[in-house]
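Asks: Here you go, entry_8.cif (mmCIF, C-alpha atoms and all ligand atoms):
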```
data_query
loop_
_atom_site.label_atom_id
_atom_site.label_comp_id
_atom_site.auth_asym_id
_atom_site.auth_seq_id
_atom_site.Cartn_x
_atom_site.Cartn_y
_atom_site.Cartn_z
CA MET U 1 -10.20 -28.98 17.17
CA LYS U 2 -9.78 -28.39 20.88
CA GLN U 3 -12.46 -26.34 22.63
CA ASN U 4 -10.06 -23.51 23.26
CA GLU U 5 -8.85 -23.48 19.67
CA LYS U 6 -12.40 -23.35 18.43
CA ALA U 7 -13.18 -20.38 20.67
CA VAL U 8 -10.07 -18.54 19.47
CA THR U 9 -10.91 -19.27 15.84
CA ASP U 10 -14.56 -18.27 16.20
CA SER U 11 -13.58 -14.98 17.87
CA TYR U 12 -11.09 -14.38 15.11
CA ARG U 13 -13.68 -14.86 12.39
CA MET U 14 -15.85 -12.24 14.04
CA ALA U 15 -12.90 -9.91 14.41
CA GLN U 16 -11.93 -10.46 10.79
CA GLU U 17 -15.40 -9.40 9.76
CA ALA U 18 -15.40 -6.38 12.04
CA TYR U 19 -12.07 -5.17 10.69
CA GLY U 20 -13.23 -5.98 7.19
CA GLU U 21 -15.99 -3.42 7.58
CA TRP U 22 -13.27 -0.84 8.09
CA GLY U 23 -11.49 -2.01 4.98
CA ILE U 24 -8.77 -3.65 7.07
CA ASN U 25 -7.47 -7.04 6.01
CA THR U 26 -6.47 -9.07 9.10
CA GLU U 27 -4.83 -11.87 7.08
CA GLU U 28 -2.61 -9.37 5.33
CA ALA U 29 -1.70 -7.72 8.64
CA MET U 30 -0.63 -11.07 10.06
CA SER U 31 1.45 -11.92 7.06
CA VAL U 32 3.23 -8.55 7.23
CA LEU U 33 3.91 -9.25 10.90
CA ASP U 34 5.49 -12.57 9.88
CA SER U 35 8.01 -10.61 7.83
CA LEU U 36 9.18 -8.44 10.73
CA PRO U 37 11.93 -10.12 12.73
CA ILE U 38 12.70 -8.86 16.22
CA SER U 39 16.28 -9.13 17.37
CA LEU U 40 16.25 -10.64 20.84
CA HIS U 41 19.10 -9.39 22.99
CA CYS U 42 21.06 -12.26 24.50
CA TRP U 43 22.00 -10.19 27.54
CA GLN U 44 18.56 -10.36 29.19
CA GLY U 45 19.35 -14.03 29.89
CA ASP U 46 22.25 -13.46 32.27
CA ASP U 47 22.10 -9.86 33.42
CA VAL U 48 24.65 -8.57 30.86
CA GLY U 49 27.29 -10.84 32.39
CA GLY U 50 28.75 -12.69 29.43
CA PHE U 51 31.10 -15.63 29.69
CA GLU U 52 34.48 -14.01 29.46
CA ALA U 53 37.45 -15.31 31.41
CA PRO U 54 38.44 -13.72 33.72
CA ASP U 55 34.94 -12.67 34.64
CA GLU U 56 34.48 -8.89 34.92
CA HIS U 57 31.66 -7.19 36.76
CA LEU U 58 29.20 -5.04 34.85
CA THR U 59 30.29 -1.43 34.31
CA GLY U 60 29.47 1.28 31.79
CA GLY U 61 26.81 3.11 33.73
CA ILE U 62 24.23 0.40 33.22
CA MET U 63 22.89 -1.78 35.98
CA VAL U 64 20.81 -4.89 36.46
CA THR U 65 18.94 -5.12 39.74
CA GLY U 66 17.29 -8.19 41.23
CA ALA U 67 18.40 -11.67 42.23
CA TYR U 68 15.88 -13.92 40.54
CA PRO U 69 17.24 -17.48 40.56
CA GLY U 70 18.07 -19.56 37.50
CA LYS U 71 20.28 -17.28 35.47
CA ALA U 72 22.18 -18.94 32.61
CA ARG U 73 25.76 -19.70 33.68
CA ASN U 74 27.19 -20.59 30.31
CA ALA U 75 26.40 -20.34 26.62
CA ASP U 76 24.75 -23.77 26.48
CA GLU U 77 22.33 -22.78 29.21
CA LEU U 78 21.70 -19.43 27.57
CA ARG U 79 20.87 -21.16 24.28
CA LEU U 80 18.48 -23.52 26.06
CA ASP U 81 16.80 -20.53 27.69
CA LEU U 82 16.52 -18.81 24.33
CA ASP U 83 15.07 -21.98 22.79
CA MET U 84 12.45 -21.92 25.52
CA ALA U 85 11.65 -18.24 24.97
CA LEU U 86 11.53 -18.64 21.19
CA SER U 87 9.10 -21.54 21.47
CA LEU U 88 6.63 -19.10 23.04
CA ILE U 89 7.07 -16.28 20.55
CA PRO U 90 5.34 -16.43 17.15
CA GLY U 91 7.46 -16.07 14.01
CA THR U 92 11.15 -16.32 13.13
CA HIS U 93 13.43 -13.82 14.76
CA ARG U 94 17.07 -12.84 15.23
CA LEU U 95 19.53 -12.99 18.09
CA ASN U 96 21.63 -10.04 19.15
CA LEU U 97 24.97 -11.03 20.68
CA HIS U 98 27.55 -9.03 22.59
CA ALA U 99 31.25 -9.77 22.25
CA ILE U 100 31.43 -10.99 25.87
CA TYR U 101 29.27 -13.95 24.86
CA ALA U 102 32.18 -15.45 22.93
CA GLU U 103 33.00 -19.08 23.65
CA THR U 104 36.72 -19.40 24.15
CA GLY U 105 36.79 -22.77 25.89
CA GLY U 106 37.69 -21.24 29.24
CA LYS U 107 40.79 -19.56 27.74
CA ALA U 108 41.30 -15.85 28.22
CA VAL U 109 41.12 -14.24 24.78
CA ASP U 110 41.71 -10.54 24.50
CA ARG U 111 38.77 -8.69 23.01
CA THR U 112 41.05 -7.49 20.24
CA ASP U 113 41.69 -11.09 19.26
CA LEU U 114 38.12 -12.29 19.06
CA GLY U 115 37.13 -13.86 15.76
CA PRO U 116 34.23 -15.72 14.20
CA GLU U 117 35.75 -18.98 15.49
CA HIS U 118 34.70 -17.95 19.00
CA PHE U 119 31.08 -17.81 17.90
CA THR U 120 30.85 -21.09 15.99
CA ALA U 121 28.29 -22.61 18.32
CA TRP U 122 26.15 -19.48 18.14
CA MET U 123 26.32 -19.49 14.35
CA ASP U 124 25.40 -23.19 14.15
CA TRP U 125 22.53 -22.62 16.54
CA ALA U 126 21.21 -19.70 14.49
CA HIS U 127 21.73 -21.51 11.21
CA GLU U 128 19.70 -24.47 12.35
CA LYS U 129 16.84 -22.17 13.31
CA LYS U 130 17.15 -20.08 10.12
CA MET U 131 17.72 -17.04 12.30
CA GLY U 132 19.95 -14.07 11.65
CA LEU U 133 22.51 -12.83 14.16
CA ASP U 134 23.37 -9.29 15.18
CA PHE U 135 26.42 -8.17 17.10
CA ASN U 136 27.87 -5.61 19.50
CA PRO U 137 31.46 -4.97 20.49
CA THR U 138 31.63 -4.80 24.29
CA LEU U 139 33.28 -1.55 25.40
CA PHE U 140 32.50 -1.88 29.10
CA SER U 141 33.15 -4.35 31.94
CA HIS U 142 36.88 -4.34 31.22
CA PRO U 143 40.05 -2.90 32.83
CA ASN U 144 40.59 -0.72 29.73
CA SER U 145 37.24 0.98 30.29
CA ALA U 146 37.84 1.63 33.99
CA ASP U 147 38.45 5.36 33.46
CA GLY U 148 35.01 5.70 31.93
CA PHE U 149 36.51 6.35 28.50
CA THR U 150 37.21 4.02 25.57
CA LEU U 151 37.13 5.28 21.97
CA SER U 152 37.44 8.86 23.22
CA HIS U 153 40.07 8.14 25.87
CA PRO U 154 42.89 10.73 25.96
CA ASP U 155 45.44 7.88 25.83
CA LYS U 156 46.04 6.65 22.30
CA GLY U 157 46.97 3.17 23.55
CA ILE U 158 43.54 2.72 25.15
CA ARG U 159 41.77 4.11 22.11
CA ASP U 160 43.69 1.77 19.84
CA TYR U 161 42.76 -1.20 21.97
CA TRP U 162 39.08 -0.44 21.53
CA ILE U 163 39.49 0.41 17.86
CA GLU U 164 40.98 -3.05 17.34
CA HIS U 165 38.10 -4.63 19.25
CA CYS U 166 35.55 -2.82 17.09
CA LYS U 167 37.37 -3.83 13.91
CA ALA U 168 37.37 -7.44 15.07
CA SER U 169 33.66 -7.10 15.84
CA ARG U 170 32.82 -5.92 12.33
CA ARG U 171 34.63 -8.95 10.92
CA ILE U 172 32.68 -11.22 13.23
CA GLY U 173 29.49 -9.50 12.08
CA ALA U 174 30.46 -10.06 8.45
CA ALA U 175 31.10 -13.74 9.14
CA PHE U 176 27.63 -14.01 10.71
CA GLY U 177 26.09 -12.31 7.70
CA LYS U 178 27.91 -14.55 5.24
CA LYS U 179 27.10 -17.76 7.05
CA LEU U 180 23.45 -16.93 7.71
CA GLY U 181 22.60 -15.14 4.47
CA THR U 182 21.27 -12.03 6.19
CA PRO U 183 23.34 -8.99 7.10
CA CYS U 184 24.41 -8.67 10.71
CA VAL U 185 23.80 -5.31 12.34
CA THR U 186 26.91 -4.51 14.37
CA ASN U 187 26.10 -1.77 16.82
CA ILE U 188 28.65 0.35 18.63
CA TRP U 189 27.62 1.76 21.97
CA ILE U 190 30.14 3.28 24.35
CA ALA U 191 29.59 4.64 27.84
CA ASP U 192 32.23 7.39 27.57
CA GLY U 193 31.24 10.47 29.48
CA PHE U 194 31.60 12.74 32.47
CA LYS U 195 29.85 12.55 35.82
CA ASP U 196 30.31 16.26 36.39
CA ASN U 197 30.41 19.22 34.06
CA PRO U 198 33.40 18.89 31.77
CA VAL U 199 35.50 21.80 30.63
CA ASP U 200 36.40 20.33 27.29
CA ARG U 201 33.60 18.60 25.42
CA MET U 202 35.16 19.11 22.03
CA THR U 203 38.36 17.06 22.32
CA PRO U 204 36.75 13.75 23.37
CA ARG U 205 34.13 14.12 20.65
CA GLN U 206 36.83 14.83 18.10
CA LEU U 207 38.69 11.72 19.29
CA LEU U 208 35.55 9.61 19.09
CA LEU U 209 35.01 10.79 15.54
CA GLU U 210 38.55 9.82 14.58
CA SER U 211 38.32 6.44 16.29
CA LEU U 212 35.07 5.60 14.53
CA ASP U 213 36.48 6.64 11.18
CA THR U 214 39.46 4.37 11.75
CA ILE U 215 37.16 1.48 12.66
CA LEU U 216 35.17 1.93 9.47
CA LEU U 217 38.22 2.14 7.21
CA GLU U 218 38.10 -1.53 6.38
CA ALA U 219 35.58 -1.97 3.59
CA ILE U 220 33.02 -4.62 4.48
CA SER U 221 30.12 -5.42 2.21
CA LYS U 222 26.74 -4.26 3.45
CA GLU U 223 25.46 -7.55 2.19
CA HIS U 224 27.11 -9.08 5.24
CA ASN U 225 27.47 -6.38 7.86
CA LEU U 226 25.67 -3.15 8.62
CA ASP U 227 27.26 -0.73 11.08
CA ALA U 228 25.14 1.11 13.62
CA VAL U 229 25.99 3.71 16.26
CA GLU U 230 23.99 4.29 19.44
CA SER U 231 23.65 7.56 21.31
CA LYS U 232 22.70 8.18 24.92
CA LEU U 233 21.79 11.21 26.96
CA PHE U 234 23.22 10.09 30.28
CA GLY U 235 24.19 7.01 32.26
CA ILE U 236 25.09 6.26 35.84
CA GLY U 237 28.34 8.15 36.32
CA SER U 238 27.98 10.10 33.08
CA GLU U 239 25.18 12.39 34.13
CA ALA U 240 26.75 15.63 32.93
CA CYS U 241 27.93 14.67 29.48
CA VAL U 242 27.95 11.61 27.26
CA ILE U 243 30.46 11.91 24.44
CA GLY U 244 28.35 9.93 21.99
CA SER U 245 25.30 12.15 22.22
CA HIS U 246 22.35 12.16 19.84
CA GLU U 247 23.63 15.10 17.79
CA PHE U 248 27.02 13.44 17.55
CA TYR U 249 25.72 10.20 16.13
CA MET U 250 22.98 11.75 14.03
CA GLY U 251 25.73 13.70 12.29
CA TYR U 252 28.01 10.70 12.20
CA ALA U 253 25.49 8.26 10.78
CA THR U 254 24.33 10.78 8.19
CA THR U 255 27.79 11.58 6.88
CA ARG U 256 29.25 8.06 7.12
CA ASN U 257 26.20 6.17 5.88
CA THR U 258 25.82 3.96 8.90
CA LEU U 259 22.61 3.05 10.65
CA LEU U 260 21.61 5.12 13.64
CA CYS U 261 20.47 3.26 16.72
CA LEU U 262 17.64 4.92 18.58
CA ASP U 263 17.26 3.45 22.05
CA ALA U 264 13.87 4.32 23.56
CA GLY U 265 15.50 4.89 26.95
CA HIS U 266 18.29 7.22 25.88
CA PHE U 267 16.60 10.59 25.73
CA HIS U 268 15.07 13.21 28.00
CA PRO U 269 12.21 11.82 30.08
CA THR U 270 9.46 13.29 27.92
CA GLU U 271 11.30 12.89 24.64
CA VAL U 272 10.22 9.91 22.56
CA ILE U 273 11.89 8.02 19.73
CA SER U 274 8.61 7.49 17.89
CA ASN U 275 8.79 11.11 16.78
CA LYS U 276 12.36 10.69 15.53
CA ILE U 277 11.81 7.81 13.13
CA SER U 278 10.40 9.73 10.16
CA SER U 279 12.91 12.58 10.27
CA SER U 280 15.85 10.24 10.72
CA LEU U 281 14.79 8.11 7.78
CA LEU U 282 14.84 11.14 5.50
CA PHE U 283 18.56 11.50 6.06
CA LEU U 284 19.80 8.04 6.94
CA GLU U 285 20.17 4.73 5.18
CA GLY U 286 18.27 3.10 7.98
CA LEU U 287 17.63 2.76 11.66
CA LEU U 288 18.27 0.26 14.38
CA LEU U 289 15.76 0.49 17.19
CA HIS U 290 16.52 -0.56 20.72
CA VAL U 291 13.02 -1.08 21.96
CA SER U 292 13.24 -0.49 25.66
CA ARG U 293 11.40 1.36 28.43
CA PRO U 294 12.81 4.21 30.48
CA LEU U 295 11.59 4.54 34.05
CA ARG U 296 13.02 7.42 36.11
CA TRP U 297 16.79 6.83 36.16
CA ASP U 298 16.67 3.53 34.32
CA SER U 299 16.57 3.17 30.56
CA ASP U 300 16.10 -0.57 30.38
CA HIS U 301 12.88 -1.81 31.93
CA VAL U 302 11.04 -4.72 30.31
CA VAL U 303 8.95 -3.50 27.40
CA ILE U 304 5.25 -3.33 28.17
CA PHE U 305 2.30 -2.59 25.91
CA ASP U 306 2.25 1.14 26.59
CA ASP U 307 1.51 4.22 24.53
CA GLU U 308 5.06 4.77 23.37
CA LEU U 309 5.46 1.18 22.24
CA VAL U 310 2.30 1.54 20.17
CA ALA U 311 3.53 4.89 18.85
CA ILE U 312 6.83 3.32 17.79
CA ALA U 313 4.95 0.51 16.06
CA HIS U 314 2.67 2.99 14.29
CA GLU U 315 5.65 4.92 13.01
CA ILE U 316 7.35 1.76 11.75
CA VAL U 317 4.22 0.68 9.92
CA ARG U 318 3.06 4.06 8.67
CA SER U 319 6.51 5.10 7.45
CA GLY U 320 6.24 2.45 4.75
CA GLN U 321 9.96 1.93 5.29
CA MET U 322 9.87 -1.31 7.26
CA ASP U 323 12.77 -2.70 5.27
CA ARG U 324 15.02 0.12 6.52
CA ILE U 325 14.14 -0.30 10.18
CA HIS U 326 15.87 -3.01 12.18
CA ILE U 327 13.97 -3.81 15.33
CA GLY U 328 15.95 -4.92 18.37
CA LEU U 329 15.15 -5.19 22.05
CA ASP U 330 17.22 -3.82 24.90
CA PHE U 331 16.20 -4.33 28.50
CA PHE U 332 17.43 -6.25 31.49
CA ASP U 333 15.56 -7.21 34.62
CA ALA U 334 16.81 -9.72 37.19
CA SER U 335 13.83 -9.31 39.50
CA ILE U 336 11.56 -11.53 37.39
CA ASN U 337 12.01 -14.77 35.50
CA ARG U 338 14.47 -13.89 32.74
CA ILE U 339 12.82 -16.02 30.08
CA ALA U 340 9.45 -14.48 30.89
CA ALA U 341 11.08 -11.06 30.44
CA TRP U 342 12.13 -11.95 26.89
CA VAL U 343 8.73 -13.37 26.06
CA ILE U 344 6.84 -10.38 27.48
CA GLY U 345 9.01 -7.83 25.70
CA THR U 346 9.05 -9.62 22.36
CA ARG U 347 5.39 -10.54 22.31
CA ASN U 348 4.47 -6.99 23.29
CA THR U 349 6.56 -5.56 20.49
CA GLN U 350 4.86 -7.88 18.01
CA LYS U 351 1.48 -7.12 19.52
CA ALA U 352 2.10 -3.41 19.07
CA LEU U 353 3.17 -3.97 15.46
CA LEU U 354 0.02 -5.96 14.80
CA PHE U 355 -2.04 -3.23 16.40
CA GLY U 356 -0.31 -0.75 14.10
CA LEU U 357 -0.98 -2.93 11.07
CA LEU U 358 -4.68 -3.18 11.88
CA GLU U 359 -5.70 0.24 10.72
CA ASN U 360 -6.81 1.78 7.49
CA THR U 361 -3.96 4.23 7.23
CA GLU U 362 -5.17 5.65 3.95
CA GLN U 363 -8.50 6.65 5.45
CA LEU U 364 -6.79 8.28 8.43
CA VAL U 365 -4.35 10.18 6.28
CA LYS U 366 -7.18 11.37 4.07
CA ALA U 367 -8.99 12.83 7.07
CA GLU U 368 -5.76 14.49 8.19
CA GLN U 369 -4.90 15.96 4.81
CA THR U 370 -8.33 17.51 4.52
CA PHE U 371 -7.97 18.99 8.02
CA ASN U 372 -10.78 16.80 9.20
CA TYR U 373 -9.31 16.29 12.63
CA THR U 374 -12.67 15.33 14.06
CA ASP U 375 -12.91 12.23 11.89
CA ARG U 376 -9.28 11.43 12.53
CA LEU U 377 -9.77 11.51 16.27
CA VAL U 378 -12.99 9.54 16.20
CA LEU U 379 -11.51 6.83 13.99
CA LEU U 380 -8.32 6.55 16.02
CA GLU U 381 -10.24 6.26 19.27
CA GLU U 382 -12.70 3.73 17.91
CA LEU U 383 -9.83 1.60 16.60
CA LYS U 384 -8.59 1.17 20.14
CA THR U 385 -11.56 -0.96 21.17
CA MET U 386 -11.77 -3.05 18.02
CA PRO U 387 -11.36 -6.81 18.70
CA PHE U 388 -7.62 -6.60 18.35
CA GLY U 389 -6.97 -9.22 21.05
CA ALA U 390 -8.88 -11.81 19.03
CA VAL U 391 -6.57 -11.28 16.06
CA TRP U 392 -3.49 -11.47 18.26
CA ASP U 393 -4.72 -14.72 19.86
CA TYR U 394 -5.41 -16.22 16.47
CA TYR U 395 -2.00 -15.12 15.26
CA CYS U 396 -0.41 -17.02 18.16
CA LEU U 397 -2.61 -20.07 17.58
CA SER U 398 -1.99 -20.17 13.84
CA ARG U 399 1.79 -19.75 14.33
CA GLY U 400 1.88 -22.61 16.79
CA VAL U 401 2.62 -20.84 20.07
CA PRO U 402 0.54 -20.64 23.26
CA VAL U 403 -2.40 -18.25 23.28
CA GLY U 404 -2.69 -15.61 25.98
CA ARG U 405 -1.28 -16.32 29.42
CA ALA U 406 -0.91 -20.05 28.65
CA TRP U 407 2.78 -19.51 27.89
CA LEU U 408 3.52 -18.76 31.52
CA GLU U 409 2.90 -22.37 32.44
CA ALA U 410 5.61 -23.48 30.03
CA VAL U 411 8.05 -21.03 31.63
CA ARG U 412 7.13 -22.27 35.11
CA ASN U 413 7.64 -25.90 34.12
CA TYR U 414 11.00 -25.08 32.62
CA GLU U 415 11.93 -23.19 35.75
CA THR U 416 11.15 -26.23 37.88
CA ARG U 417 13.08 -28.54 35.53
CA THR U 418 16.23 -26.41 35.61
CA GLU U 419 15.96 -25.33 39.24
CA ASP U 420 18.21 -27.99 40.78
CA ALA U 421 20.93 -27.81 38.16
CA ARG U 422 21.28 -24.05 38.52
CA LYS U 423 21.41 -23.75 42.28
C1 LIG Z 501 23.23 1.01 27.14
C2 LIG Z 501 22.85 0.77 25.73
C3 LIG Z 501 23.37 -0.51 25.12
C4 LIG Z 501 23.40 -1.66 26.10
C5 LIG Z 501 23.88 -2.96 25.52
C6 LIG Z 501 24.14 -3.98 26.58
O1 LIG Z 501 22.61 2.07 27.67
O2 LIG Z 501 21.47 0.82 25.61
O3 LIG Z 501 22.65 -0.82 23.99
O4 LIG Z 501 22.17 -1.84 26.71
O5 LIG Z 501 24.98 -2.73 24.76
ZN ZN Z 502 20.55 0.20 23.80
#
```
Since I need it in another form, could you write the structure as C-alpha cells?
Replies:
Amino acid sequence: MKQNEKAVTDSYRMAQEAYGEWGINTEEAMSVLDSLPISLHCWQGDDVGGFEAPDEHLTGGIMVTGAYPGKARNADELRLDLDMALSLIPGTHRLNLHAIYAETGGKAVDRTDLGPEHFTAWMDWAHEKKMGLDFNPTLFSHPNSADGFTLSHPDKGIRDYWIEHCKASRRIGAAFGKKLGTPCVTNIWIADGFKDNPVDRMTPRQLLLESLDTILLEAISKEHNLDAVESKLFGIGSEACVIGSHEFYMGYATTRNTLLCLDAGHFHPTEVISNKISSSLLFLEGLLLHVSRPLRWDSDHVVIFDDELVAIAHEIVRSGQMDRIHIGLDFFDASINRIAAWVIGTRNTQKALLFGLLENTEQLVKAEQTFNYTDRLVLLEELKTMPFGAVWDYYCLSRGVPVGRAWLEAVRNYETRTEDARK
C-alpha cells in the first residue's frame, strides 16, 4: 500500500469508529452514495454551443462568460473531455444531452427531423460505460426562437415547429431508455417571456399549456422515457414575466403526471429549492433537480460545497424518496477549465450527499418530535466537525479515483496534451 493510501485508510478507520459511536454506519452511507447517479450536463464542455450546422449563437436569456482555452469543438472531443472528467469522479453516472449535440455528419438537419440515429455515437459511448442518458429538446439558439417565444408563440406555425421538435425529442429519449435499460429523463425548458410588463399573461400561458398537451399526446412508456418540465423566474430579456413560471409547471406536472424540474437558480434570490422538495414530492410522481448555483443575475455558477447544496442533499436523503428524485447538474463557466468545472460540481454534489448520509436521522427526528430543539441543534452542529473529509477521501480511494486535490494534476496534464490540437 502506498504511503498516501495508508494514511487515507488509517484516517478512515478512525472516522468509521467516530461515526460508529453516533450509530452511523459509514460503509452503508458509501454504498447508498454508489446508488445515486448524477446526470452530468454535456453543455458545460462547450459553453452550451452544440454542434449544429449552421452554427447558431447562444440565445434564450442564458449566457456563458469567459474565454478559457481548450473548449471541445466537436462531439469526439466532448466525449474525450467527459471521459477525463468521469475518470476523476467516483461512481457510475449519467450524461444529459441537449438536442443541439446531435451528430448529423455536417449536414443541416432541422430540429423537427432529429431522430435517435443522430445520437448513435452518444448511445454507444454510454452503453460501453453502462451509463444512462438524459435529454433536452433545444428551444433556443435558433431563428424560430428569435422573437423570444416558442411553445407559447402567438403564431401557430412557430408553435407547431417546436411541438414537433419536442415530440421528436421524446422519441429520442425513449430510444435512449430502450437501448440503455434505464429511463431517459427528457426535460423541456423554454425561455419564453417578456422583458417588460406584459398586458396579457393569460394567453401565452394558455398556449403553452396546449402545446405541452399536444407534445405529450403520444403515449411513450415510462419504462423508457420520463417527461420533465422546468420553470424559471426570470432570464436575461425576460425579466418581467416568464411564461413557464413555477406555478405554471407545478400545476402542469401535478395534473399531467410528469416530473417537475427544480433548478436551484430559478427562483427569487432568497428562495431555495431545498424547501420545495418535500412538498413537491407529496403531489408529484417525482422530481428532476438541476443542481446549480445562483449568483446575483446568474443562475448557473459552478456548484460549490455551500449551505444550500448541503440542504438539498439533506432533503434528498431525509425524504426517503431517493428513487423519485433524479439529480442533474446545470451550470456553465468558461472562465475556468471546463473539465475541472464538471469535476468540482459533480464531486461537490456527491460530497454533499455523503455528508447528508452521515447522520443519524432517526435520533435527530426524535429530538425534533419531542420538541427538544436544544438537542437537535447541538447534534446538528457537532455533526459538522465530524471527520467527514476522511470518509470522503476513503470513498474516492476505494472507488479508484484521485483523493483530494490530486485530481487537478490529471486535468492539467490533459490540458497540456490537448493544448496544441485545440488552438
Ligand atoms: C436555463 C435552464 C436550462 C438550461 C439548459 C441548457 O435557465 O436552466 O436548464 O440551462 O437547458
Ligand atoms: Zn436548468
Asks: Using all atoms listed in the file, which residues sit within 9 Å of U:Thr150 once same-chain residues fewer than 6 positions away are excluded, as a count of residues only?
Replies: 13
Asks: Excluding U:Glu164 and residues on its chain fewer than 5 positions from it, collect all residues at most 9 Å away from it, counting all atoms listed in the file, and give them as a list in words.
Replies: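 The contact residues come out as Arg111, Thr112, Asp113, Arg159, Ser169 and Ile215 of chain U.
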Asks: Please identify every polymer residue within 10 Å of ligand LIG 501 (chain Z), using only C-alpha atoms and all ligand atoms, and present the set as a count of residues only.
Replies: 53
Asks: Using only C-alpha atoms, pick whichever of U:Lys222, U:Arg171, U:His153, U:His314 has the shortest atom-to-atom distance to U:Thr361.
Replies: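 Result for the nearest residue to U:Thr361: U:His314.
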Asks: Calculated over only C-alpha atoms, which of the candidates U:His165, U:Arg399, U:Lys423, U:Arg318 has the smallest distance to U:Thr92?
Replies: U:Arg399
Asks: Do you know which residues are at most 12 Å from U:Met202 counting all atoms listed in the file, after dropping those on the same chain fewer than 6 positions away, and could you put them as a PyMOL selection string?
Replies: chain U and resi 152+208-209+241-244+248
Asks: Counting all atoms listed in the file, which residue out of U:Arg296, U:Arg338, U:Arg417, U:Arg205 sits closest to U:Tyr68?
Replies: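 Among the listed residues, the smallest separation from U:Tyr68 belongs to U:Arg338.
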Asks: Return the single residue from U:Ala219, U:Phe149, U:Ile327, U:Met14 that is closest to ligand ZN 502 (chain Z), with distances computed using all atoms listed in the file.
Replies: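 With all atoms listed in the file as the atom set, the closest residue is U:Ile327.
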Asks: Taking all atoms listed in the file into account, which of U:Lys71, U:Arg405, U:His224, U:His93 comes nearest U:Gln350?
Replies: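 So, comparing all the options, the nearest one is U:His93.
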Asks: Could you check which residues have any atom within 12 Å of (20.5, -23.0, 14.7), counting all atoms listed in the file with coordinates taken straight from the file, and then list them as a PDB file with C-alpha atoms, in the coordinates of the input?
Replies:
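Contents of the output file selection24.pdb:
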```pdb
ATOM      1  CA  ARG U  79      20.870 -21.160  24.280  1.00  0.00           C
ATOM      2  CA  LEU U  80      18.480 -23.520  26.060  1.00  0.00           C
ATOM      3  CA  LEU U  82      16.520 -18.810  24.330  1.00  0.00           C
ATOM      4  CA  ASP U  83      15.070 -21.980  22.790  1.00  0.00           C
ATOM      5  CA  LEU U  86      11.530 -18.640  21.190  1.00  0.00           C
ATOM      6  CA  THR U  92      11.150 -16.320  13.130  1.00  0.00           C
ATOM      7  CA  HIS U  93      13.430 -13.820  14.760  1.00  0.00           C
ATOM      8  CA  ARG U  94      17.070 -12.840  15.230  1.00  0.00           C
ATOM      9  CA  LEU U  95      19.530 -12.990  18.090  1.00  0.00           C
ATOM     10  CA  THR U 120      30.850 -21.090  15.990  1.00  0.00           C
ATOM     11  CA  ALA U 121      28.290 -22.610  18.320  1.00  0.00           C
ATOM     12  CA  TRP U 122      26.150 -19.480  18.140  1.00  0.00           C
ATOM     13  CA  MET U 123      26.320 -19.490  14.350  1.00  0.00           C
ATOM     14  CA  ASP U 124      25.400 -23.190  14.150  1.00  0.00           C
ATOM     15  CA  TRP U 125      22.530 -22.620  16.540  1.00  0.00           C
ATOM     16  CA  ALA U 126      21.210 -19.700  14.490  1.00  0.00           C
ATOM     17  CA  HIS U 127      21.730 -21.510  11.210  1.00  0.00           C
ATOM     18  CA  GLU U 128      19.700 -24.470  12.350  1.00  0.00           C
ATOM     19  CA  LYS U 129      16.840 -22.170  13.310  1.00  0.00           C
ATOM     20  CA  LYS U 130      17.150 -20.080  10.120  1.00  0.00           C
ATOM     21  CA  MET U 131      17.720 -17.040  12.300  1.00  0.00           C
ATOM     22  CA  GLY U 132      19.950 -14.070  11.650  1.00  0.00           C
ATOM     23  CA  LEU U 133      22.510 -12.830  14.160  1.00  0.00           C
ATOM     24  CA  LYS U 179      27.100 -17.760   7.050  1.00  0.00           C
ATOM     25  CA  LEU U 180      23.450 -16.930   7.710  1.00  0.00           C
TER      26      LEU U 180
END
```
Asks: In terms of the shortest atom-to-atom distance over all atoms listed in the file, which of U:Asn348, U:Asp323, U:Val64, U:Gly70 is closest to U:Asp307?
Replies: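 Of U:Asn348, U:Asp323, U:Val64, U:Gly70, the one nearest U:Asp307, counting all atoms listed in the file, is U:Asn348.
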Asks: What would the list of residues within 8 Å of (20.7, 5.7, 9.6) (file frame) look like as a PDB file with C-alpha atoms, keeping the file's coordinate frame, if all atoms listed in the file are what count?
Replies:
```
ATOM      1  CA  ALA U 228      25.140   1.110  13.620  1.00  0.00           C
ATOM      2  CA  MET U 250      22.980  11.750  14.030  1.00  0.00           C
ATOM      3  CA  ALA U 253      25.490   8.260  10.780  1.00  0.00           C
ATOM      4  CA  THR U 254      24.330  10.780   8.190  1.00  0.00           C
ATOM      5  CA  ASN U 257      26.200   6.170   5.880  1.00  0.00           C
ATOM      6  CA  THR U 258      25.820   3.960   8.900  1.00  0.00           C
ATOM      7  CA  LEU U 259      22.610   3.050  10.650  1.00  0.00           C
ATOM      8  CA  LEU U 260      21.610   5.120  13.640  1.00  0.00           C
ATOM      9  CA  CYS U 261      20.470   3.260  16.720  1.00  0.00           C
ATOM     10  CA  SER U 280      15.850  10.240  10.720  1.00  0.00           C
ATOM     11  CA  LEU U 281      14.790   8.110   7.780  1.00  0.00           C
ATOM     12  CA  PHE U 283      18.560  11.500   6.060  1.00  0.00           C
ATOM     13  CA  LEU U 284      19.800   8.040   6.940  1.00  0.00           C
ATOM     14  CA  GLU U 285      20.170   4.730   5.180  1.00  0.00           C
ATOM     15  CA  GLY U 286      18.270   3.100   7.980  1.00  0.00           C
ATOM     16  CA  LEU U 287      17.630   2.760  11.660  1.00  0.00           C
ATOM     17  CA  LEU U 288      18.270   0.260  14.380  1.00  0.00           C
TER      18      LEU U 288
END
```
Asks: Got a sec: who's within 10 Å of U:Thr346, counting only C-alpha atoms, leaving out chain neighbours fewer than 5 positions off, as a list in words?
Replies: Ile38, Ser39, Leu40, Ala85, Leu86, Leu88, Ile89, Pro90, His93, Val291, Val302, Val303, Ile304, Gly328, Leu329, Ala340, Ala341, Lys351 and Ala352 of chain U
Asks: For stretch 196-211 of chain U, take all atoms listed in the file, fit an axis-aligned box around them, add 3 Å to each of the six sides, then output centre and edge lengths in Å rounded to one decimal, as AutoDock Vina command-line options.
Replies:
```
--center_x 34.5 --center_y 14.1 --center_z 25.5 --size_x 14.4 --size_y 21.4 --size_z 27.8
```
Asks: I'd like the neighbourhood of U:Ser31 as a list in words, where a residue qualifies if any of its atoms comes within 10 Å (using all atoms listed in the file), though same-chain residues fewer than 4 positions away should be ignored.
Replies: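 Answer for this query is Thr26, Glu27, Ser35, Leu36, Leu354 and Tyr395 of chain U.
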